[in-house]
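Presented below is the structure to which this report refers.
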Amino acid sequence: MLGNLFFWRLWKPAYRYLFLPFLFSLIALLIAGAYWYIQGFANVLDWQVLTYLKEKSFLWKEIDLGVTQMPLTVDYFVTTEGFTPSNIQVSPIPYYLLLVAFAVAWCISLTVVTTFRSFWFYGSIGLLFFILVNLHPERLVLFGQEGYAGLILMSVLYFGPALYIYFKASHISLPVRFYIFGGITVIMALLIHFYSHLVAPFYLFTAESIMVMLIISIVFIIWIAHEPVAAFVYLATQSGRGGKANLHFTLLTLVYLVNVFLAFLHNTRVIDWDILYLDEFFLLSLSICLGLYGWRRSQGLFKGIFSVEPEGVFLYLGLALVCVSTACVFFASGNDAMIEVLEDAIIYSHMVIGFVFYLYILINFYDLIQRDLQAHKVLYRPAKIPFFTQRLLGLIIMTGLLFKASFFPFYQSLAGYYVIQGDTYNYLGDENLAYLNYEMGQGYEGSSFRANYTLAYYSALNDRREQVIPYYEKALQKNPAPYGYVSLANIYEDNDRFFDALFLLQQGLDPFPGEGHLLNNAGLLYASKKLYDSAFYYFEAAAANDAVNQTASTNAEAMVVLSGAGSEETAKDLYSETAYLPAMNNLLIQLRSAPEFPENAFKDSVLNNEQFAYLYNYLLKDHQGDTHAGNLAEAARQNIGNMPYQDYLLLSKALADYHNGHQARAVQALEFLGRQVRNPGYYYYLLAGLAADQMSYRLAVDYLERSAELKHKGADEWLGKMYLLSGEYKQADSLFTYLTETDSSGIREEISKLSAIASFAQTGFSSGAEQLGPDRLAVYLPERVNRDSSLVVDANPAALAFAHLVQAKNAIATGQYEQAEYHLAVAERSRKDFSPQLKNRVTAIRLDYLLATGRYSRFRDMALDTEGRHLAPYRVLATAQLAYDEGQSEKATTLYTSLVNNYPFFEQGVLRSTDFFYSEKNEELLGYESLLGAIKLNPYSISLTKAYVDYSLLMGLEEYAEDKLSTLKSLMPENVWQAYYEGYLQRKNEKLKSAAEWN
């Protein structure tokens, strides 16, 4: 049978040139079909990655208050990623391939039919016309005609030339005849393309004609079903050892038929053994290849009708192309109902036809095989039982099996047909008709994955919630797929059915062990219950799957962050090795300083979840003054497409601004958030922390009062502490007494001690002071350090330094410079024991002292020698002074403007800037407005308020000056206030006297 492998070499060149493209097309289709078959439902479904954001609180900044620190925490966004399947997306390409294959087969059929003899020609033309009618060309609506115009046109174009060739031009060679019909087909395609009134007419025509293609394919499958058994005859008679050929043939056939029978039992759910079953489509491919050679030996069956070689070989190739391309459509569209129809056709036919053909061979050719004669050459020239008799018997048995199965394959074909129609309407965007067709398909085959899955998807989309779960459950009954398990598990999770979701995903791992999407989503379920170790185990297992490695690794790193087990060194190494933004985000959280900003990951103006999380987290890190991220955040905030992220971006940018020296902008943004968004108590707490960082404790009290009123956790305790620091002991005592009676948070002992300190501060009663702790006394009662230093003799250097710094700052504000110098000197003696934050404060207050006492040259030298962003405003002021002294007035103006716009808590800097605008630039209004702007953000500053009163008086705004006096009185000690007020009255009187003399 296979003696001449390349049999077409013996043909004429014109025949070879026509044959080889068809042969290579068949091979290409077999390869494409194998790919689509292996891909399964992945041909129509894809995995969509859903990015989830989990908030995890981390310490952003600690405000050093000597021996205590006020923590400012911020929620970072940890990214986790889960999978959900997409909607069904069917590509029209396999349909176009099928249409081309059918067109080739159609042209070949017309070509070969014109070689038939008499009756067979008319019968074949009638069969082709019957096929054409059932293709319903009128549905193409050619030239806008919905009647039979398309059928009449095609009949004239195809059958007219066929009749002419048969009767008048029989001398035309076979290749030329094919080219004639091929040219007609090209013309027909152009007419359809330009004059059909349908959208996607070729796709719709093929989809509507799919049942015709299926029937042709099944007929072809049945015809070649005997080919493996025929091949065994060839193999058994090749050994040349007499007497054993029949035994060999029988053994080969029995092994083959047993495997086919086991596949039949498995497909019919009779057995479910854990063995490797014969694959139906491998069997079909094998039969097609064998049939190409076996068909050449069947000339005896068609004697008097047509010549098998080469005409019959062309016809065989055409039918094979239709059969394989039809299977490709079913594979590529994931149409499991149609695939099972083909599987049944292959197994039924190969089992029944194969067995009957085995009997046919034994009856007709037993003696020939026994003598090792080449019986394969005469298989189609039987001596006893005709070939078509055994074929008829096989068809009868197959029909019996079909009856026994209650015509289930027939109903499956209808189910598959309606699924294809649903896909067509889905492609055209008509969801209602698509849904109706899927419903009809599901009605014919209740366990079809494609029908049930798509119905579940559309039910969820159209809020038919009660139907979603039943459809998904039916989809998993017979042909389960990871997509179905994940979809149903996601629905369970959305309905708070945690264990149902978890058990379902674990159930899916039985047929799909190691499936990454199932493992990843199972890990997310554990993570949702904060079972981070179990979640990490699943993510690590999923990461072994290349398809989900990035996502699973991202999630594994998220578990490290959420569980608090991260290492900066490890995170830094991993960060340098990845370019996947969600993973970079989780690693970024573990770093103290932000790396270089990945600009390429932010090309779109509308952010997605992972871009937002990275940008937000990046701004919370020390990013070395990089302005690109801040500018991007501001631009993103202005885009309405980023509305869900706007408040978070404003928060992160505000904290970044504060970190980078734009204090005014930061405070304004946080105050805006406190007025606009949910949980405003948190933002007021942050503002209190920033005020405390600037040693503006009265302002911190103001913010904390608002925060405590809004029930922010921890605000009450810190409000009491700020009361102490700002000298409001009565309020502190009342608050701590209340908290002592009501607190149940486990810090009752700490609050009791604070309450005792508040009481001690009011009464001056020293008994028991040692039990209160010298460190606490020093920190919370700094003004008593001088008056009764014995109380704090054992306090640590940080506590004492903090106490003296508070007193020094207050002394500078009230003009008590000798006291300020004393307290600064005491604080500086313990400098080596301080934290970096406390060291910066000592330096800052020393520089404030130099400015307040007019030692500008020394201030400038010392300020320019400092480092770090905390002392940046002092360097700006020193640079501004130097620029002005060197005659660079424009540069000085820019720097002074920067000071008043950015540093409202740098009181000496604001005062120097105001003096510059007022005295040097003669811009009184600008100086006044600069001062007023700073006071709005730092309203409890004694220095700024005094300056405001003085400037108002100088500018003749006595009413404004008088309004601020009451504020100033509440801020100053009584003796200091009296001295200031007497001076104010003197200046006011002089102003009035001067005005009177002028008039």
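Identifiers in the structure tokens: chain A, B, ... in order shown; residue index from 1 per chain; ligand index from 1 in order shown.
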Secondary structure check, alpha helix (DSSP H) residues of range 99-208 of chain A, as JSON, numbers by chain: {"A": [99, 100, 101, 102, 103, 104, 105, 106, 107, 108, 109, 110, 111, 112, 113, 118, 119, 120, 121, 122, 123, 124, 125, 126, 127, 128, 129, 130, 131, 132, 133, 134, 135, 149, 150, 151, 152, 153, 154, 155, 156, 157, 158, 159, 160, 161, 162, 163, 164, 165, 166, 167, 168, 174, 175, 176, 177, 178, 179, 180, 181, 182, 183, 184, 185, 186, 187, 188, 189, 190, 191, 192, 193, 194, 195, 201, 202, 203, 204, 205, 206, 207, 208]}
Residue neighbourhood Asn87 in chain A, 9 Å, only C-alpha atoms, exclusion window fewer than 3 positions, as a ChimeraX atom specification: /A:44-46,454,457-458
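Nearest residue to Thr424 in chain A, choosing from A:Thr866, A:Thr250, A:Gln89, A:Asn586 and counting only C-alpha atoms: A:Gln89.
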Spatial neighbours of range 425-432 of chain A, 9 Å, only C-alpha atoms, chain gap at least 6 places, as an NGL selection string: :A and (88-92 or 199-200 or 458)
Residues near Asp367 in chain A, cut-off 12 Å, only C-alpha atoms, skip fewer than 3 positions along chain, as a ChimeraX atom specification: /A:237,242-246,361-364,370-375,383
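Comparing the minimum interatomic distances between Val324 in chain A and each of A:Ser25, A:Ser349, A:Ser57, A:Thr115, counting only C-alpha atoms, we find that A:Ser25 sits nearest.
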Range 105-111 of chain A environment, 10 Å, only C-alpha atoms, sequence neighbours closer than 6 positions dropped, as a ChimeraX atom specification: /A:22,99,121,124-125,128,131-132,158-159,161-163,165-166,173-185,311-312,314-322
Residue nearest Ser726 in chain A among A:Ala415, A:Leu699, A:Ile491, A:Val260 (counting only C-alpha atoms): A:Leu699
One-decimal distance in Å that lies between CA of Val141 in chain A and CA of Tyr195 in chain A: 8.2 Å
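Here the question is which of A:Tyr417, A:Tyr37, A:Tyr438, A:Tyr948 gets nearest to Ala332 in chain A using only C-alpha atoms, and that residue is A:Tyr37.
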Selection: 12 Å around Tyr483 in chain A, only C-alpha atoms, excl. self and same-chain fewer than 4 positions, as a PyMOL selection string: chain A and resi 40-48+83-88+449-450+453-454+457+472+475-476+479+487-490+505+508+512+515-518+521
Using only C-alpha atoms, find each residue in range 873-966 of chain A having at least one atom no more than 10 Å away from range 839-852 of chain A; report its shortest atom-to-atom pair and that distance in Å (one decimal), rows by chain then rising number, as a Markdown table.
| residue | atom | partner | partner_atom | distance |
| --- | --- | --- | --- | --- |
| A:Pro873 | CA | A:Ala844 | CA | 9.7 |
| A:Tyr874 | CA | A:Leu847 | CA | 7.7 |
| A:Phe906 | CA | A:Asp848 | CA | 8.6 |
| A:Glu907 | CA | A:Asp848 | CA | 8.3 |
| A:Gln908 | CA | A:Asp848 | CA | 6.2 |
| A:Gly909 | CA | A:Leu851 | CA | 8.5 |
| A:Leu911 | CA | A:Ala852 | CA | 9.5 |
| A:Arg912 | CA | A:Leu851 | CA | 8.5 |
| A:Ser943 | CA | A:Ala852 | CA | 9.9 |
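With only C-alpha atoms taken into account, the protein and nucleic acid residues at most 9 Å from Tyr52 in chain A (excluding it and anything under 3 positions from it in its own chain) are A:Val78, A:Thr79, A:Thr80, A:Glu81, A:Gly82, A:Asn609, A:Glu610.
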Written file, previous selection with N, CA, C and O atoms, as a PDB file, in the first residue's frame:
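The result, written out as result-v2.pdb:
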ATOM      1  N   VAL A  78      -1.005  47.766  49.017  1.00  0.00           N
ATOM      2  CA  VAL A  78      -0.375  46.520  48.575  1.00  0.00           C
ATOM      3  C   VAL A  78      -1.191  45.979  47.411  1.00  0.00           C
ATOM      4  O   VAL A  78      -2.424  45.952  47.461  1.00  0.00           O
ATOM      5  N   THR A  79      -0.528  45.564  46.341  1.00  0.00           N
ATOM      6  CA  THR A  79      -1.245  45.048  45.177  1.00  0.00           C
ATOM      7  C   THR A  79      -1.250  43.528  45.189  1.00  0.00           C
ATOM      8  O   THR A  79      -0.213  42.889  45.371  1.00  0.00           O
ATOM      9  N   THR A  80      -2.439  42.976  45.021  1.00  0.00           N
ATOM     10  CA  THR A  80      -2.593  41.547  44.772  1.00  0.00           C
ATOM     11  C   THR A  80      -3.360  41.395  43.464  1.00  0.00           C
ATOM     12  O   THR A  80      -4.122  42.291  43.073  1.00  0.00           O
ATOM     13  N   GLU A  81      -3.144  40.274  42.807  1.00  0.00           N
ATOM     14  CA  GLU A  81      -3.771  40.073  41.502  1.00  0.00           C
ATOM     15  C   GLU A  81      -4.463  38.723  41.453  1.00  0.00           C
ATOM     16  O   GLU A  81      -3.902  37.707  41.873  1.00  0.00           O
ATOM     17  N   GLY A  82      -5.677  38.748  40.945  1.00  0.00           N
ATOM     18  CA  GLY A  82      -6.440  37.522  40.756  1.00  0.00           C
ATOM     19  C   GLY A  82      -6.840  37.374  39.303  1.00  0.00           C
ATOM     20  O   GLY A  82      -6.683  38.303  38.501  1.00  0.00           O
ATOM     21  N   ASN A 609      -5.213  50.467  38.569  1.00  0.00           N
ATOM     22  CA  ASN A 609      -4.966  50.221  39.987  1.00  0.00           C
ATOM     23  C   ASN A 609      -3.483  50.107  40.319  1.00  0.00           C
ATOM     24  O   ASN A 609      -2.998  50.670  41.308  1.00  0.00           O
ATOM     25  N   GLU A 610      -2.749  49.337  39.485  1.00  0.00           N
ATOM     26  CA  GLU A 610      -1.340  49.139  39.828  1.00  0.00           C
ATOM     27  C   GLU A 610      -0.522  50.420  39.641  1.00  0.00           C
ATOM     28  O   GLU A 610       0.407  50.689  40.396  1.00  0.00           O
TER      29      GLU A 610
END
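Using only C-alpha atoms, the shortest contact distance between Ala715 in chain A and any of A:Pro21, A:Gly443, A:Pro71, A:Gly566 is found at A:Pro71.
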Separation of CA of Phe403 in chain A from CA of Asp272 in chain A, in Å and rounded to one decimal: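 Answer for the CA of Phe403 in chain A to CA of Asp272 in chain A separation: 23.3 Å.
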Among listed residues A:Val186, A:Lys478, A:Thr326, A:Leu401, nearest Phe220 in chain A (using only C-alpha atoms): A:Thr326
Length of the CA of Ser307 in chain A to CA of Phe281 in chain A vector [Å]: 29.6 Å
DSSP strand (DSSP E or B) residues within range 39-99 of chain A, listed as a ChimeraX atom specification: /A:47-65,68-85
